[in-house]
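Student: The structure file input-v4.txt (compact mmCIF, C-alpha atoms) is provided below.
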```txt
# COMPACT_ATOMS: atom_id res chain seq x y z
CA MET A 266 79.06 175.11 -34.56
CA ILE A 267 80.49 172.22 -32.55
CA GLU A 268 84.00 173.63 -32.95
CA GLN A 269 82.89 177.06 -31.63
CA LEU A 270 81.19 175.41 -28.65
CA SER A 271 84.34 173.42 -27.94
CA VAL A 272 86.48 176.59 -28.01
CA ARG A 273 84.12 178.39 -25.63
CA LEU A 274 84.07 175.46 -23.20
CA LYS A 275 87.87 175.32 -23.30
CA ARG A 276 88.15 179.04 -22.53
CA PHE A 277 85.64 178.73 -19.71
CA GLY A 278 87.54 175.77 -18.24
CA LEU A 279 90.84 177.65 -18.36
CA ARG A 280 89.24 180.63 -16.64
CA LEU A 281 87.96 178.39 -13.85
CA LEU A 282 91.44 176.96 -13.30
CA THR A 283 93.50 180.13 -13.54
CA ARG A 284 91.55 182.94 -11.83
CA PRO A 285 92.15 183.20 -8.04
CA ARG A 286 88.77 183.48 -6.38
CA LEU A 287 88.81 182.42 -2.71
CA ASP A 288 88.54 184.99 0.05
CA LEU A 289 90.75 183.47 2.75
CA PRO A 290 89.32 185.28 5.84
CA LEU A 291 85.79 184.27 4.89
CA LEU A 292 86.87 180.75 3.96
CA LEU A 293 88.68 180.19 7.27
CA ALA A 294 85.67 181.46 9.24
CA LEU A 295 83.38 179.06 7.36
CA ILE A 296 85.75 176.13 8.01
CA VAL A 297 85.83 176.87 11.74
CA LEU A 298 82.03 177.19 11.83
CA ALA A 299 81.57 173.93 9.92
CA GLY A 300 83.96 172.19 12.33
CA ALA A 301 81.98 173.47 15.32
CA GLY A 302 78.79 172.28 13.65
CA LEU A 303 80.14 168.76 13.04
CA SER A 304 81.43 168.39 16.61
CA THR A 305 78.08 169.58 18.02
CA LEU A 306 76.22 167.22 15.69
CA TYR A 307 78.38 164.29 16.83
CA SER A 308 77.50 165.04 20.44
CA ALA A 309 73.81 165.71 19.77
CA GLY A 310 73.51 162.53 17.72
CA GLY A 311 75.07 160.36 20.41
CA GLY A 312 78.21 159.60 18.42
CA ASN A 313 76.33 158.65 15.25
CA TYR A 314 79.04 158.57 12.56
CA SER A 315 76.56 158.21 9.70
CA LEU A 316 74.86 161.41 10.80
CA VAL A 317 78.15 163.31 10.89
CA GLY A 318 79.27 161.70 7.63
CA GLY A 319 76.11 162.79 5.85
CA GLN A 320 76.58 166.37 7.01
CA ALA A 321 80.27 166.30 6.09
CA ALA A 322 79.30 165.11 2.61
CA ARG A 323 77.01 168.14 2.28
CA PHE A 324 79.87 170.39 3.32
CA VAL A 325 82.14 168.80 0.72
CA LEU A 326 79.53 169.18 -2.02
CA GLY A 327 78.82 172.76 -1.00
CA GLY A 328 82.55 173.49 -0.83
CA VAL A 329 83.11 172.17 -4.35
CA LEU A 330 80.25 174.30 -5.66
CA MET A 331 81.61 177.29 -3.74
CA VAL A 332 85.04 176.94 -5.36
CA ILE A 333 83.56 176.51 -8.85
CA ILE A 334 81.17 179.46 -8.56
CA SER A 335 83.83 181.66 -6.98
CA ARG A 336 85.73 181.42 -10.26
CA ILE A 337 82.82 182.55 -12.42
CA PRO A 338 82.93 186.34 -13.06
CA PRO A 339 79.90 188.30 -11.79
CA PRO A 340 78.93 189.45 -15.33
CA VAL A 341 78.52 185.78 -16.30
CA LEU A 342 76.45 185.10 -13.18
CA ARG A 343 74.34 188.13 -14.03
CA SER A 344 73.68 186.83 -17.54
CA TRP A 345 72.59 183.46 -16.13
CA THR A 346 70.33 184.95 -13.45
CA PRO A 347 66.95 185.02 -15.31
CA TRP A 348 67.39 181.38 -16.32
CA LEU A 349 68.36 180.30 -12.81
CA TYR A 350 65.38 182.14 -11.33
CA ALA A 351 62.97 180.73 -13.91
CA GLY A 352 64.34 177.20 -13.46
CA SER A 353 64.12 177.25 -9.67
CA THR A 354 60.59 178.68 -9.81
CA ALA A 355 59.57 176.00 -12.32
CA LEU A 356 60.87 173.34 -9.91
CA LEU A 357 58.42 174.68 -7.33
CA LEU A 358 55.62 173.88 -9.78
CA VAL A 359 57.03 170.37 -10.14
CA VAL A 360 57.01 170.03 -6.34
CA ALA A 361 53.33 171.00 -6.32
CA VAL A 362 52.62 167.98 -8.55
CA LEU A 363 55.28 165.41 -7.67
CA GLY A 364 56.59 166.59 -4.31
CA GLU A 365 56.77 164.42 -1.22
CA GLY A 366 57.22 164.86 2.51
CA ARG A 367 55.59 164.36 5.87
CA GLY A 368 52.56 166.64 6.05
CA ALA A 369 54.16 169.11 3.64
CA TYR A 370 55.21 168.50 0.03
CA ARG A 371 58.61 170.18 -0.18
CA TRP A 372 60.96 167.58 -1.63
CA LEU A 373 61.77 166.01 -4.97
CA ASP A 374 63.16 162.47 -4.99
CA LEU A 375 66.00 162.27 -7.53
CA GLY A 376 66.74 158.63 -6.79
CA VAL A 377 70.22 159.11 -5.37
CA MET A 378 69.12 161.98 -3.12
CA ARG A 379 66.14 164.04 -1.99
CA PHE A 380 66.19 167.66 -3.05
CA GLN A 381 64.35 170.72 -1.69
CA PRO A 382 63.94 173.22 -4.58
CA SER A 383 62.86 176.05 -2.28
CA GLU A 384 66.46 176.23 -1.03
CA LEU A 385 67.53 177.40 -4.49
CA LEU A 386 65.30 180.46 -4.21
CA LYS A 387 67.25 181.68 -1.17
CA LEU A 388 69.99 182.52 -3.68
CA THR A 389 68.23 182.96 -7.02
CA MET A 390 65.67 185.37 -5.53
CA PRO A 391 68.16 188.10 -4.52
CA MET A 392 70.05 187.39 -7.74
CA MET A 393 66.89 188.12 -9.74
CA VAL A 394 66.05 191.31 -7.85
CA ALA A 395 69.65 192.54 -8.25
CA TRP A 396 69.54 191.63 -11.96
CA TYR A 397 66.32 193.58 -12.49
CA LEU A 398 67.53 196.69 -10.64
CA HIS A 399 71.07 196.65 -12.11
CA PRO A 400 70.42 198.59 -15.36
CA ARG A 401 67.78 200.90 -13.85
CA GLN A 402 68.07 204.26 -12.20
CA LEU A 403 68.26 204.06 -8.41
CA PRO A 404 66.56 204.58 -6.06
CA PRO A 405 63.80 202.57 -7.74
CA SER A 406 60.49 204.08 -8.79
CA TRP A 407 57.13 202.74 -7.62
CA LYS A 408 56.85 200.87 -10.92
CA ASP A 409 60.10 199.04 -10.27
CA ILE A 410 59.09 198.33 -6.67
CA ILE A 411 55.85 196.76 -7.88
CA VAL A 412 57.68 194.60 -10.44
CA VAL A 413 60.14 193.45 -7.77
CA GLY A 414 57.18 192.70 -5.49
CA LEU A 415 55.72 190.41 -8.15
CA LEU A 416 59.08 188.69 -8.67
CA ILE A 417 59.16 187.98 -4.94
CA ALA A 418 55.48 187.08 -4.50
CA VAL A 419 55.27 184.30 -7.11
CA PRO A 420 57.88 181.87 -5.71
CA ALA A 421 57.17 182.89 -2.10
CA GLY A 422 53.50 182.08 -2.63
CA LEU A 423 54.32 178.69 -4.16
CA ILE A 424 56.56 177.85 -1.19
CA ALA A 425 53.92 178.96 1.31
CA GLU A 426 51.44 176.60 -0.37
CA GLN A 427 53.65 173.53 0.29
CA PRO A 428 53.14 174.60 3.18
CA ASP A 429 56.48 176.03 4.33
CA LEU A 430 55.79 179.50 5.67
CA GLY A 431 59.22 179.86 7.31
CA THR A 432 61.14 179.30 4.07
CA ALA A 433 58.64 181.46 2.15
CA LEU A 434 59.34 184.38 4.50
CA LEU A 435 63.11 183.84 4.22
CA VAL A 436 62.94 183.81 0.41
CA ALA A 437 60.77 186.93 0.39
CA GLY A 438 63.16 188.57 2.86
CA ALA A 439 66.17 187.80 0.66
CA GLY A 440 64.54 189.62 -2.24
CA ALA A 441 63.36 192.47 -0.01
CA PHE A 442 66.92 193.00 1.29
CA ALA A 443 68.19 193.55 -2.26
CA LEU A 444 65.39 196.08 -2.80
CA PHE A 445 66.12 197.79 0.53
CA LEU A 446 69.81 198.18 -0.36
CA SER A 447 68.93 199.86 -3.65
CA GLY A 448 68.58 203.24 -1.90
CA MET A 449 64.83 203.37 -1.25
CA ALA A 450 63.68 206.43 0.68
CA TRP A 451 62.92 205.71 4.33
CA TRP A 452 59.35 206.94 4.00
CA ARG A 453 58.75 204.36 1.28
CA ILE A 454 60.29 201.63 3.42
CA GLY A 455 58.09 202.73 6.35
CA LEU A 456 55.01 202.71 4.14
CA LEU A 457 55.72 199.19 2.90
CA VAL A 458 56.47 197.89 6.40
CA GLY A 459 53.34 199.56 7.75
CA SER A 460 51.24 198.03 4.99
CA ALA A 461 52.66 194.58 5.76
CA ALA A 462 51.91 195.06 9.47
CA ALA A 463 48.35 196.15 8.68
CA ALA A 464 47.88 192.98 6.61
CA VAL A 465 48.82 190.67 9.52
CA PRO A 466 45.22 190.28 10.82
CA VAL A 467 44.11 189.32 7.32
CA ALA A 468 47.03 186.91 6.86
CA TRP A 469 46.17 185.30 10.21
CA GLN A 470 42.91 184.02 8.72
CA PHE A 471 44.81 182.15 6.00
CA LEU A 472 47.29 180.41 8.30
CA HIS A 473 47.02 176.69 9.00
CA GLU A 474 45.93 175.83 12.51
CA TYR A 475 49.35 174.40 13.42
CA GLN A 476 50.94 177.71 12.36
CA ARG A 477 48.54 179.66 14.59
CA ASN A 478 49.32 177.31 17.45
CA ARG A 479 53.03 178.13 17.12
CA VAL A 480 52.28 181.80 17.74
CA ARG A 481 49.94 181.01 20.64
CA THR A 482 52.56 178.70 22.13
CA LEU A 483 55.20 181.43 21.94
CA LEU A 484 52.98 183.73 24.00
CA ASP A 485 52.17 181.06 26.61
CA PRO A 486 54.16 177.81 26.25
CA GLU A 487 53.07 176.63 29.73
CA SER A 488 49.47 176.42 28.54
CA ASP A 489 50.31 173.10 26.84
CA PRO A 490 53.59 171.94 28.41
CA LEU A 491 53.33 168.35 27.18
CA GLY A 492 52.14 169.28 23.69
CA ASN A 493 52.80 172.36 21.61
CA GLY A 494 54.85 174.02 24.36
CA TRP A 495 57.22 171.08 24.84
CA HIS A 496 59.79 172.24 22.27
CA ILE A 497 60.17 175.76 23.66
CA ILE A 498 60.15 174.69 27.33
CA GLN A 499 62.81 172.00 26.87
CA SER A 500 64.93 174.29 24.71
CA LYS A 501 64.88 177.03 27.35
CA ILE A 502 65.81 174.48 30.02
CA ALA A 503 68.78 173.33 27.91
CA VAL A 504 69.98 176.88 27.27
CA GLY A 505 69.62 177.91 30.91
CA SER A 506 71.25 174.80 32.34
CA GLY A 507 74.43 175.51 30.38
CA GLY A 508 75.28 178.37 32.72
CA MET A 509 78.46 180.32 32.13
CA PHE A 510 80.83 177.59 30.94
CA GLY A 511 78.46 174.74 30.00
CA LYS A 512 78.37 171.10 31.02
CA GLY A 513 81.08 170.07 28.59
CA TRP A 514 81.12 168.40 25.20
CA GLN A 515 78.94 165.26 25.12
CA HIS A 516 77.71 165.94 28.66
CA GLY A 517 74.45 167.71 27.86
CA THR A 518 71.45 165.97 29.42
CA GLN A 519 68.50 167.45 27.52
CA SER A 520 69.53 165.92 24.22
CA ARG A 521 71.19 162.72 25.44
CA LEU A 522 68.12 161.81 27.53
CA ASP A 523 65.81 162.73 24.61
CA PHE A 524 63.99 165.53 26.40
CA LEU A 525 64.86 168.01 23.64
CA PRO A 526 63.04 167.31 20.35
CA GLU A 527 64.76 167.85 16.99
CA HIS A 528 68.08 168.12 18.81
CA THR A 529 70.13 167.47 15.66
CA THR A 530 68.20 169.85 13.42
CA ASP A 531 66.16 172.91 14.45
CA PHE A 532 67.20 172.86 18.13
CA ILE A 533 70.84 171.84 17.85
CA PHE A 534 71.89 175.29 19.03
CA ALA A 535 70.20 174.51 22.36
CA VAL A 536 72.53 171.49 22.59
CA PHE A 537 75.51 173.74 21.88
CA SER A 538 74.35 176.23 24.53
CA GLU A 539 73.95 173.52 27.16
CA GLU A 540 77.37 172.00 26.50
CA PHE A 541 79.44 175.18 26.05
CA GLY A 542 77.47 177.73 28.07
CA LEU A 543 77.38 181.48 27.67
CA VAL A 544 81.08 181.65 26.81
CA GLY A 545 80.62 179.23 23.91
CA VAL A 546 77.53 181.06 22.66
CA ILE A 547 79.38 184.38 22.67
CA ALA A 548 82.31 182.82 20.82
CA ILE A 549 80.18 181.36 18.04
CA MET A 550 78.15 184.58 17.79
CA VAL A 551 81.40 186.51 17.30
CA LEU A 552 82.23 184.08 14.48
CA TYR A 553 78.81 184.62 12.90
CA ALA A 554 79.23 188.39 13.28
CA PHE A 555 82.59 188.23 11.50
CA ILE A 556 81.07 186.29 8.59
CA ILE A 557 78.16 188.73 8.29
CA GLY A 558 80.49 191.72 8.55
CA ARG A 559 82.75 190.26 5.86
CA CYS A 560 79.74 189.82 3.57
CA LEU A 561 78.69 193.44 4.04
CA TRP A 562 82.28 194.64 3.54
CA ILE A 563 82.37 192.77 0.22
CA ALA A 564 79.06 194.42 -0.71
CA MET A 565 80.37 197.90 0.12
CA ASN A 566 83.42 197.39 -2.10
CA ALA A 567 81.61 195.74 -5.03
CA ARG A 568 82.22 197.11 -8.52
CA ASP A 569 78.64 197.34 -9.84
CA THR A 570 75.02 197.56 -8.74
CA TYR A 571 74.26 193.88 -9.33
CA SER A 572 77.20 192.73 -7.21
CA ARG A 573 76.54 195.25 -4.44
CA LEU A 574 72.86 194.42 -4.05
CA LEU A 575 73.42 190.67 -4.28
CA ALA A 576 76.31 190.54 -1.79
CA GLY A 577 74.45 192.73 0.69
CA ALA A 578 71.29 190.64 0.42
CA ILE A 579 73.23 187.41 1.02
CA GLY A 580 74.90 188.87 4.11
CA MET A 581 71.66 190.21 5.59
CA SER A 582 69.84 186.95 4.85
CA PHE A 583 72.56 185.05 6.70
CA PHE A 584 72.03 187.37 9.67
CA VAL A 585 68.30 186.63 9.63
CA TYR A 586 68.92 182.84 9.67
CA VAL A 587 71.11 183.21 12.77
CA ALA A 588 68.73 185.64 14.51
CA VAL A 589 65.57 183.61 13.81
CA ASN A 590 67.02 180.28 14.93
CA GLY A 591 68.63 181.86 17.98
CA GLY A 592 65.38 183.58 18.90
CA MET A 593 63.44 180.35 18.37
CA VAL A 594 65.80 178.37 20.62
CA ALA A 595 65.65 181.08 23.32
CA GLY A 596 61.84 181.12 23.20
CA ILE A 597 61.43 184.71 21.97
CA LEU A 598 60.34 183.80 18.41
CA PRO A 599 57.89 181.17 17.13
CA VAL A 600 59.14 177.74 16.07
CA VAL A 601 59.37 178.12 12.29
CA GLY A 602 61.82 175.41 11.27
CA VAL A 603 64.72 177.69 10.35
CA PRO A 604 68.05 175.85 10.91
CA MET A 605 71.14 177.41 12.46
CA PRO A 606 73.48 178.00 9.47
CA LEU A 607 76.17 175.32 9.01
CA VAL A 608 75.38 173.84 12.44
CA SER A 609 71.96 172.19 12.08
CA TYR A 610 71.80 168.86 10.29
CA GLY A 611 69.89 167.90 7.19
CA GLY A 612 68.32 169.28 4.09
CA THR A 613 70.14 171.14 1.36
CA SER A 614 70.64 174.33 3.40
CA ALA A 615 74.39 173.79 3.91
CA VAL A 616 74.89 173.30 0.17
CA SER A 617 72.85 176.37 -0.76
CA LEU A 618 74.61 178.51 1.86
CA LEU A 619 78.09 177.56 0.68
CA THR A 620 77.01 178.14 -2.91
CA GLY A 621 75.95 181.65 -1.91
CA PHE A 622 79.33 182.27 -0.32
CA GLY A 623 80.89 181.21 -3.62
CA VAL A 624 78.99 184.09 -5.25
CA LEU A 625 80.36 186.45 -2.60
CA MET A 626 83.91 185.29 -3.26
CA SER A 627 83.41 185.82 -6.99
CA ILE A 628 82.26 189.39 -6.33
CA HIS A 629 85.22 190.06 -4.03
CA ALA A 630 87.77 188.61 -6.46
CA ASN A 631 86.29 190.64 -9.31
CA ARG A 632 86.99 193.82 -7.32
CA LYS A 633 90.57 192.70 -6.65
CA LEU A 634 91.15 192.02 -10.33
CA HIS A 635 89.87 195.48 -11.27
CA ASP A 636 91.98 197.16 -8.57
CA SER A 637 95.14 195.39 -9.76
CA ALA A 638 94.48 196.16 -13.43
```
Could you quickly redo this structure as structure tokens?
Tutor:
Amino acid sequence: MIEQLSVRLKRFGLRLLTRPRLDLPLLLALIVLAGAGLSTLYSAGGGNYSLVGGQAARFVLGGVLMVIISRIPPPVLRSWTPWLYAGSTALLLVVAVLGEGRGAYRWLDLGVMRFQPSELLKLTMPMMVAWYLHPRQLPPSWKDIIVVGLLIAVPAGLIAEQPDLGTALLVAGAGAFALFLSGMAWWRIGLLVGSAAAAVPVAWQFLHEYQRNRVRTLLDPESDPLGNGWHIIQSKIAVGSGGMFGKGWQHGTQSRLDFLPEHTTDFIFAVFSEEFGLVGVIAIMVLYAFIIGRCLWIAMNARDTYSRLLAGAIGMSFFVYVAVNGGMVAGILPVVGVPMPLVSYGGTSAVSLLTGFGVLMSIHANRKLHDSA
């Protein structure tokens, strides 16, 4: 038994070392984006090297995981999916009992680091939906749609109870994207979206008061300019003051004079906009668009249903992160605590994002191996 296990581990190790798995265009785009994020963080943090070092350490950890996972064939990832989903959901139950945080219990303290289990679901959720739909006839039947809905609702509900409504919606969206890409008829999609819209007045009654205030503030931030509206007002001032070409790196005033709250985390893109202006914003949006387009291209060329649904869901989820944070900073969406991917500081989001890109690279390399066979 031990000898068989040793042989399997040896074969797995050799496969990790010998199979080429990195997608160079995607990798280069991620490196450029990470570099832009670190330089913006250095400026927003007032030259705080420990802040930049902590973020760089997350990039290194995420990069290592990306390389490792990129060398694992998609069929192996598919076989692991139910266990990864079950494990990450179980960690949410642990958070409900042992979690910690300020006002919301979202973190587990592992001693050497604090860990946010909900970040795992951003990847394991679309993996689970893709795993469930993979062997079934597509487009899915109502039975399969209901089962997928339950798979999404359980962890999303646990995350919303922390409370962390923003992450809960992102996790639910990641699963919904995989379902959407499975070929559902448009009338079914319209029916589901219409049902969700009709449930909004009911859901409003279950929101916490601070969550309701975020929506009210979006509609009229000037009603409480020194309180709930402060974030949006100062962010819009920072974005607008950047003009066409910006004030220059490390010359933004909103963050350096502490007018802009959370200027290294949720609102760091406002710092970037102030320092690099419209030209800089367009440049980084082109970079984001390339990354998203590359993800969808990988999905279109995937070899099987699991890979196609998973790659597409990861790409569309990445688009939502960019759109939600950008809309929040511009004052056209509520403040929901969604970071700008690979630019905002903190948490485990950078690690989970890079891990997801490792899955994409595995899917892409699997296609290349089949094409060359």
Student: List the spatial neighbours of range 608-617 of chain A as a PyMOL selection string - criterion: any atom at most 9 Å away, all atoms listed in the file, same-chain residues fewer than 3 positions off excluded.
Tutor: chain A and resi 298-303+305-306+316-317+319-320+323-328+330-331+379-382+384-385+387-388+528-534+604-605+620-622
Student: Using only C-alpha atoms, which residues sit within 8 Å of Pro420 in chain A once same-chain residues fewer than 4 positions away are excluded, as JSON, numbers by chain?
Tutor: {"A": [354, 357, 386, 416, 424, 433]}
Student: Calculated over all atoms listed in the file, which of the candidates A:Val467, A:Val360, A:Ile497, A:Leu619 has the smallest distance to Leu291 in chain A?
Tutor: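 The closest residue to Leu291 in chain A is A:Leu619.
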Student: Kindly give the distance, in Å, that separates CA of Leu484 in chain A and CA of Trp469 in chain A, rounded to a single decimal.
Tutor: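 Between these atoms lies a distance of 15.5 Å.
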Student: From the options A:Trp452, A:Trp514, A:Trp495, A:Tyr307, which residue's atoms come nearest to Pro526 in chain A, counting all atoms listed in the file?
Tutor: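 For Pro526 in chain A, the nearest of the candidates is A:Trp495.
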Student: Show me the residues around (75.2, 193.9, -4.3) - criterion: an atom at most 12 Å away, all atoms listed in the file counted - as a count of residues only.
Tutor: 46
Student: Expressed in Å to a single decimal, how great is the separation between CA of Gln499 in chain A and CA of Pro606 in chain A?
Tutor: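 Separating CA of Gln499 in chain A from CA of Pro606 in chain A is a distance of 21.3 Å.
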Student: Skip Gly602 in chain A itself and residues of its chain fewer than 5 positions away, then list as a VMD selection string all residues within 10 Å of it, counting all atoms listed in the file.
Tutor: chain A and resid 429 to 432 527 530 to 532 589 to 590 593
Student: What does the distance from CA of Ile549 in chain A to CA of Leu607 in chain A come to in Å, to one decimal?
Tutor: 11.6 Å
Student: Set the distance at 9 Å and use all atoms listed in the file: which residues neighbour Gly591 in chain A once local chain neighbours fewer than 5 positions away are removed? I'd like the list as a tab-separated table (two decimals) with C-alpha atoms, keeping the file's coordinate frame.
Tutor:
```
chain	number	residue	atom	x	y	z
A	534	PHE	CA	71.89	175.29	19.03
A	535	ALA	CA	70.20	174.51	22.36
A	586	TYR	CA	68.92	182.84	9.67
A	596	GLY	CA	61.84	181.12	23.20
A	597	ILE	CA	61.43	184.71	21.97
A	598	LEU	CA	60.34	183.80	18.41
A	605	MET	CA	71.14	177.41	12.46
```
Student: Which residue is closest to Ala595 in chain A? Choose from A:Gly438, A:Gly505, A:Gly310, A:Gly542 and count only C-alpha atoms.
Tutor: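 Closest to Ala595 in chain A of all the choices is A:Gly505.
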Student: Go through A:Leu415, A:Leu435, A:Val480, A:Ala461 one by one, measure the shortest atom-to-atom distance of each to Val603 in chain A using all atoms listed in the file, and give the residue with the smallest value.
Tutor: A:Leu435
Student: Which residues come within 12 Å of Ala548 in chain A, counting only C-alpha atoms, excluding same-chain residues fewer than 4 positions away, as a list in words?
Tutor: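 My list of contacting residues is Val297, Leu298, Ala301, Phe510, Phe537, Ser538, Phe541, Gly542, Leu543, Val544, Leu552, Tyr553, Ala554 and Phe555 of chain A.
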Student: Would you mind completing range 503-519 of chain A so that it carries N, CA, C and O atoms, and writing it out as a PDB file, keeping the file's coordinate frame?
Tutor:
```pdb
ATOM      1  N   ALA A 503      67.432 173.678  28.378  1.00  0.00           N
ATOM      2  CA  ALA A 503      68.780 173.330  27.910  1.00  0.00           C
ATOM      3  C   ALA A 503      69.688 174.549  27.887  1.00  0.00           C
ATOM      4  O   ALA A 503      70.836 174.505  28.344  1.00  0.00           O
ATOM      5  N   VAL A 504      69.178 175.662  27.355  1.00  0.00           N
ATOM      6  CA  VAL A 504      69.980 176.880  27.270  1.00  0.00           C
ATOM      7  C   VAL A 504      70.354 177.372  28.669  1.00  0.00           C
ATOM      8  O   VAL A 504      71.513 177.707  28.951  1.00  0.00           O
ATOM      9  N   GLY A 505      69.374 177.407  29.560  1.00  0.00           N
ATOM     10  CA  GLY A 505      69.620 177.910  30.910  1.00  0.00           C
ATOM     11  C   GLY A 505      70.538 177.027  31.728  1.00  0.00           C
ATOM     12  O   GLY A 505      71.355 177.525  32.519  1.00  0.00           O
ATOM     13  N   SER A 506      70.439 175.711  31.533  1.00  0.00           N
ATOM     14  CA  SER A 506      71.250 174.800  32.340  1.00  0.00           C
ATOM     15  C   SER A 506      72.721 174.821  31.939  1.00  0.00           C
ATOM     16  O   SER A 506      73.569 174.307  32.665  1.00  0.00           O
ATOM     17  N   GLY A 507      73.036 175.426  30.792  1.00  0.00           N
ATOM     18  CA  GLY A 507      74.430 175.510  30.380  1.00  0.00           C
ATOM     19  C   GLY A 507      75.248 176.454  31.238  1.00  0.00           C
ATOM     20  O   GLY A 507      76.468 176.305  31.342  1.00  0.00           O
ATOM     21  N   GLY A 508      74.576 177.441  31.849  1.00  0.00           N
ATOM     22  CA  GLY A 508      75.280 178.370  32.720  1.00  0.00           C
ATOM     23  C   GLY A 508      76.348 179.164  31.987  1.00  0.00           C
ATOM     24  O   GLY A 508      76.230 179.456  30.792  1.00  0.00           O
ATOM     25  N   MET A 509      77.402 179.496  32.694  1.00  0.00           N
ATOM     26  CA  MET A 509      78.460 180.320  32.130  1.00  0.00           C
ATOM     27  C   MET A 509      79.383 179.527  31.217  1.00  0.00           C
ATOM     28  O   MET A 509      79.714 179.963  30.117  1.00  0.00           O
ATOM     29  N   PHE A 510      79.820 178.345  31.679  1.00  0.00           N
ATOM     30  CA  PHE A 510      80.830 177.590  30.940  1.00  0.00           C
ATOM     31  C   PHE A 510      80.308 176.268  30.356  1.00  0.00           C
ATOM     32  O   PHE A 510      81.053 175.564  29.690  1.00  0.00           O
ATOM     33  N   GLY A 511      79.049 175.941  30.578  1.00  0.00           N
ATOM     34  CA  GLY A 511      78.460 174.740  30.000  1.00  0.00           C
ATOM     35  C   GLY A 511      78.806 173.473  30.768  1.00  0.00           C
ATOM     36  O   GLY A 511      79.646 173.459  31.666  1.00  0.00           O
ATOM     37  N   LYS A 512      78.163 172.400  30.379  1.00  0.00           N
ATOM     38  CA  LYS A 512      78.370 171.100  31.020  1.00  0.00           C
ATOM     39  C   LYS A 512      79.492 170.304  30.379  1.00  0.00           C
ATOM     40  O   LYS A 512      79.866 169.249  30.891  1.00  0.00           O
ATOM     41  N   GLY A 513      80.007 170.776  29.272  1.00  0.00           N
ATOM     42  CA  GLY A 513      81.080 170.070  28.590  1.00  0.00           C
ATOM     43  C   GLY A 513      80.576 169.288  27.396  1.00  0.00           C
ATOM     44  O   GLY A 513      79.420 168.862  27.336  1.00  0.00           O
ATOM     45  N   TRP A 514      81.478 169.113  26.433  1.00  0.00           N
ATOM     46  CA  TRP A 514      81.120 168.400  25.200  1.00  0.00           C
ATOM     47  C   TRP A 514      80.686 166.967  25.512  1.00  0.00           C
ATOM     48  O   TRP A 514      81.340 166.253  26.272  1.00  0.00           O
ATOM     49  N   GLN A 515      79.554 166.569  24.944  1.00  0.00           N
ATOM     50  CA  GLN A 515      78.940 165.260  25.120  1.00  0.00           C
ATOM     51  C   GLN A 515      78.401 165.026  26.540  1.00  0.00           C
ATOM     52  O   GLN A 515      78.116 163.889  26.910  1.00  0.00           O
ATOM     53  N   HIS A 516      78.230 166.095  27.311  1.00  0.00           N
ATOM     54  CA  HIS A 516      77.710 165.940  28.660  1.00  0.00           C
ATOM     55  C   HIS A 516      76.376 166.671  28.844  1.00  0.00           C
ATOM     56  O   HIS A 516      75.916 166.835  29.963  1.00  0.00           O
ATOM     57  N   GLY A 517      75.772 167.110  27.756  1.00  0.00           N
ATOM     58  CA  GLY A 517      74.450 167.710  27.860  1.00  0.00           C
ATOM     59  C   GLY A 517      73.393 166.650  28.142  1.00  0.00           C
ATOM     60  O   GLY A 517      73.430 165.558  27.578  1.00  0.00           O
ATOM     61  N   THR A 518      72.462 166.962  29.022  1.00  0.00           N
ATOM     62  CA  THR A 518      71.450 165.970  29.420  1.00  0.00           C
ATOM     63  C   THR A 518      70.159 166.079  28.611  1.00  0.00           C
ATOM     64  O   THR A 518      69.505 165.069  28.374  1.00  0.00           O
ATOM     65  N   GLN A 519      69.779 167.274  28.208  1.00  0.00           N
ATOM     66  CA  GLN A 519      68.500 167.450  27.520  1.00  0.00           C
ATOM     67  C   GLN A 519      68.432 166.665  26.219  1.00  0.00           C
ATOM     68  O   GLN A 519      67.399 166.087  25.883  1.00  0.00           O
TER      69      GLN A 519
END
```
